[in-house]
Structures are given as structure tokens and as C-alpha cells.
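S.K.: Just structure-v4.pdb, nothing more (PDB, C-alpha atoms):
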ATOM      1  CA  MET A  13      25.132   2.425   3.603
ATOM      2  CA  ILE A  14      25.009   4.404   0.356
ATOM      3  CA  MET A  15      24.864   8.203   0.467
ATOM      4  CA  GLN A  16      24.325  10.822  -2.207
ATOM      5  CA  ILE A  17      27.277  13.239  -2.302
ATOM      6  CA  THR A  18      26.952  16.651  -3.977
ATOM      7  CA  PHE A  19      30.107  18.591  -4.780
ATOM      8  CA  LEU A  20      29.627  22.365  -4.968
ATOM      9  CA  PRO A  21      29.979  24.798  -6.702
ATOM     10  CA  ASP A  22      29.443  22.626  -9.815
ATOM     11  CA  TYR A  23      26.599  20.454  -8.430
ATOM     12  CA  VAL A  24      28.277  17.175  -9.331
ATOM     13  CA  ILE A  25      26.316  14.339  -7.718
ATOM     14  CA  VAL A  26      27.617  10.825  -7.055
ATOM     15  CA  ASN A  27      26.705   7.924  -4.767
ATOM     16  CA  ALA A  28      29.261   6.798  -2.214
ATOM     17  CA  GLU A  29      29.618   4.235   0.514
ATOM     18  CA  VAL A  30      30.019   5.393   4.131
ATOM     19  CA  GLY A  31      33.722   5.070   4.995
ATOM     20  CA  GLU A  32      34.904   5.585   1.418
ATOM     21  CA  SER A  33      37.732   8.108   1.011
ATOM     22  CA  LEU A  34      36.523  11.585   0.020
ATOM     23  CA  LEU A  35      39.356  11.816  -2.517
ATOM     24  CA  ASP A  36      38.287   8.521  -4.104
ATOM     25  CA  VAL A  37      34.675   9.678  -4.305
ATOM     26  CA  ALA A  38      35.710  12.985  -5.882
ATOM     27  CA  GLU A  39      37.969  11.257  -8.408
ATOM     28  CA  ARG A  40      35.203   8.837  -9.394
ATOM     29  CA  ALA A  41      32.862  11.817  -9.868
ATOM     30  CA  GLY A  42      35.405  13.648 -12.020
ATOM     31  CA  VAL A  43      35.853  16.360  -9.392
ATOM     32  CA  SER A  44      39.351  17.698  -8.852
ATOM     33  CA  ILE A  45      40.441  18.291  -5.266
ATOM     34  CA  PRO A  46      44.020  19.579  -5.085
ATOM     35  CA  THR A  47      46.424  17.568  -2.965
ATOM     36  CA  GLY A  48      49.887  18.147  -1.619
ATOM     37  CA  CYS A  49      51.271  15.973   1.132
ATOM     38  CA  LEU A  50      48.390  13.430   1.254
ATOM     39  CA  MET A  51      48.759  13.392   5.054
ATOM     40  CA  GLY A  52      46.521  16.354   5.949
ATOM     41  CA  THR A  53      49.261  18.710   7.093
ATOM     42  CA  CYS A  54      49.524  20.985   4.046
ATOM     43  CA  HIS A  55      45.757  21.730   3.938
ATOM     44  CA  ALA A  56      45.695  21.718   0.109
ATOM     45  CA  CYS A  57      42.710  19.351   0.091
ATOM     46  CA  THR A  58      40.570  21.296   2.572
ATOM     47  CA  VAL A  59      36.825  21.060   1.937
ATOM     48  CA  GLU A  60      33.765  22.138   3.913
ATOM     49  CA  LEU A  61      30.922  19.765   4.721
ATOM     50  CA  ASP A  62      27.327  20.990   4.712
ATOM     51  CA  ASN A  63      27.282  21.246   8.515
ATOM     52  CA  GLY A  64      30.187  23.722   8.404
ATOM     53  CA  GLU A  65      32.833  21.202   9.435
ATOM     54  CA  ILE A  66      36.188  21.778   7.704
ATOM     55  CA  VAL A  67      38.053  18.562   6.830
ATOM     56  CA  ARG A  68      41.038  17.483   4.769
ATOM     57  CA  ALA A  69      39.772  15.227   1.987
ATOM     58  CA  CYS A  70      43.008  13.219   1.814
ATOM     59  CA  ILE A  71      42.533  11.832   5.335
ATOM     60  CA  SER A  72      38.729  11.912   5.606
ATOM     61  CA  ALA A  73      36.067   9.387   4.735
ATOM     62  CA  VAL A  74      32.380   9.709   3.933
ATOM     63  CA  PRO A  75      30.862  10.132   7.404
ATOM     64  CA  PRO A  76      27.849   8.168   8.624
ATOM     65  CA  ARG A  77      24.937  10.578   8.151
ATOM     66  CA  LYS A  78      21.523  10.786   6.701
ATOM     67  CA  GLU A  79      21.142  10.041   3.028
ATOM     68  CA  LYS A  80      22.866  13.111   1.577
ATOM     69  CA  LEU A  81      26.058  15.085   2.059
ATOM     70  CA  THR A  82      27.130  18.312   0.382
ATOM     71  CA  ILE A  83      30.827  19.120   0.038
ATOM     72  CA  HIS A  84      31.875  22.691  -0.691
ATOM     73  CA  LEU A  85      35.165  22.887  -2.573
ATOM     74  CA  PHE A  86      37.588  25.730  -1.994
ATOM     75  CA  SER A  87      39.592  27.275  -4.788
ATOM     76  CA  ASP A  88      43.183  28.143  -3.889
ATOM     77  CA  PRO A  89      45.192  29.410  -6.879
ATOM     78  CA  THR A  90      48.486  28.457  -5.197
ATOM     79  CA  TRP A  91      47.668  24.752  -5.579
TER      80      TRP A  91
END
For this file, produce the structure as C-alpha cells.

M.R.:
Amino acid sequence: MIMQITFLPDYVIVNAEVGESLLDVAERAGVSIPTGCLMGTCHACTVELDNGEIVRACISAVPPRKEKLTIHLFSDPTW
């Protein structure tokens, strides 16, 4: 299933397959999500989904949903 992913705050839109890594989708879209450990423990890659759920992009995949998903990126100057 293909979904439309919107990355905020820059409104970058890309299509992605359900189950595809959020980091891979962001990279393909030219969106930079900071990473640290790539295991989810350092929280550098934390993003917020449109339903308010907070996930780590390095260990999360595009969830099965409707046709669209919005991902809110955080800006942490330490990363």
C-alpha cells in the first residue's frame, strides 16, 4: 500500500510504501533527520506523527494507515 508522507515544518511530500523505514523515506525525500545510535536509545531521531504518537525514526516504519501521514520533525541543536 502506498501512502503520501508529509514532513513538517517544510511541507516536503513523498510517497512511501507501508513498512518502509521512516529514515529511508526521509532520505529519499531529501529530509534530514538526525541520528545517533541507530537503535532508538539516544532519541536523536525522535519525530511526532500526526496522531501525536512520538516515535524514533531509526527503528520505525511507515505504519498501516489511511492514505496520508504527516511527520513533525523536531529541531535539537545538540544533534

S.K.: Which residues come within 12 Å of A:Leu20, counting only C-alpha atoms, excluding same-chain residues fewer than 4 positions away, as a CSV table (one decimal) with C-alpha atoms, in the coordinates of the input?

M.R.:
chain,number,residue,atom,x,y,z
A,24,VAL,CA,28.3,17.2,-9.3
A,25,ILE,CA,26.3,14.3,-7.7
A,26,VAL,CA,27.6,10.8,-7.1
A,38,ALA,CA,35.7,13.0,-5.9
A,43,VAL,CA,35.9,16.4,-9.4
A,44,SER,CA,39.4,17.7,-8.9
A,45,ILE,CA,40.4,18.3,-5.3
A,59,VAL,CA,36.8,21.1,1.9
A,60,GLU,CA,33.8,22.1,3.9
A,61,LEU,CA,30.9,19.8,4.7
A,62,ASP,CA,27.3,21.0,4.7
A,81,LEU,CA,26.1,15.1,2.1
A,82,THR,CA,27.1,18.3,0.4
A,83,ILE,CA,30.8,19.1,0.0
A,84,HIS,CA,31.9,22.7,-0.7
A,85,LEU,CA,35.2,22.9,-2.6
A,86,PHE,CA,37.6,25.7,-2.0
A,87,SER,CA,39.6,27.3,-4.8

S.K.: In Å, rounded to a single decimal, give me how far atom CA of A:Val37 is from atom CA of A:Gln16.

M.R.: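 That distance, rounded to one decimal, is 10.6 Å.
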
S.K.: Rank nothing, just name the residue among A:Ala73, A:Cys49, A:Ala41, A:Asp36 nearest to A:Tyr23, using only C-alpha atoms.

M.R.: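 Of A:Ala73, A:Cys49, A:Ala41, A:Asp36, the one nearest A:Tyr23 is A:Ala41, counting only C-alpha atoms.
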
S.K.: Grab the atom CA of A:Leu35 to atom CA of A:Ser72 distance for me, in Å with one decimal place.

M.R.: 8.1 Å

S.K.: Atom CA of A:Met13 to atom CA of A:Thr47: how many Å, to one decimal?

M.R.: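 Going from atom CA of A:Met13 over to atom CA of A:Thr47, I get 26.9 Å.
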
S.K.: Please evaluate the PyMOL selection byres ((chain A and resi 31) around 8) against the displayed coordinates and give the resulting residues as a PDB file with C-alpha atoms, keeping the file's coordinate frame.

M.R.:
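The result, written out as selection27.pdb:
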ATOM      1  CA  GLU A  29      29.618   4.235   0.514  1.00  0.00           C
ATOM      2  CA  VAL A  30      30.019   5.393   4.131  1.00  0.00           C
ATOM      3  CA  GLU A  32      34.904   5.585   1.418  1.00  0.00           C
ATOM      4  CA  SER A  33      37.732   8.108   1.011  1.00  0.00           C
ATOM      5  CA  ALA A  73      36.067   9.387   4.735  1.00  0.00           C
ATOM      6  CA  VAL A  74      32.380   9.709   3.933  1.00  0.00           C
ATOM      7  CA  PRO A  75      30.862  10.132   7.404  1.00  0.00           C
ATOM      8  CA  PRO A  76      27.849   8.168   8.624  1.00  0.00           C
TER       9      PRO A  76
END

S.K.: For A:Lys80, please output as a list of chain:residue names all residues within 9 Å (counting all atoms listed in the file; exclusion window: fewer than 2 positions along the same chain).

M.R.: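 So, after excluding close chain neighbours, the residues are A:Met15, A:Gln16, A:Ile17, A:Thr18, A:Arg77, A:Lys78, A:Thr82.
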
S.K.: Calculate, to one decimal in Å, the centre and edge lengths of the box along x, y and z of the file that holds all listed atoms of stretch 34-41 of chain A with 3 Å of margin on each side, and present them as lines of an AutoDock Vina configuration file.

M.R.:
center_x = 36.1
center_y = 10.8
center_z = -4.9
size_x = 12.5
size_y = 10.5
size_z = 15.9

S.K.: Check which residues satisfy the PyMOL selection byres ((chain A and resi 54) around 12) in the file shown, then give them as a PyMOL selection string.

M.R.: chain A and resi 46-53+55-58+68-71+90-91
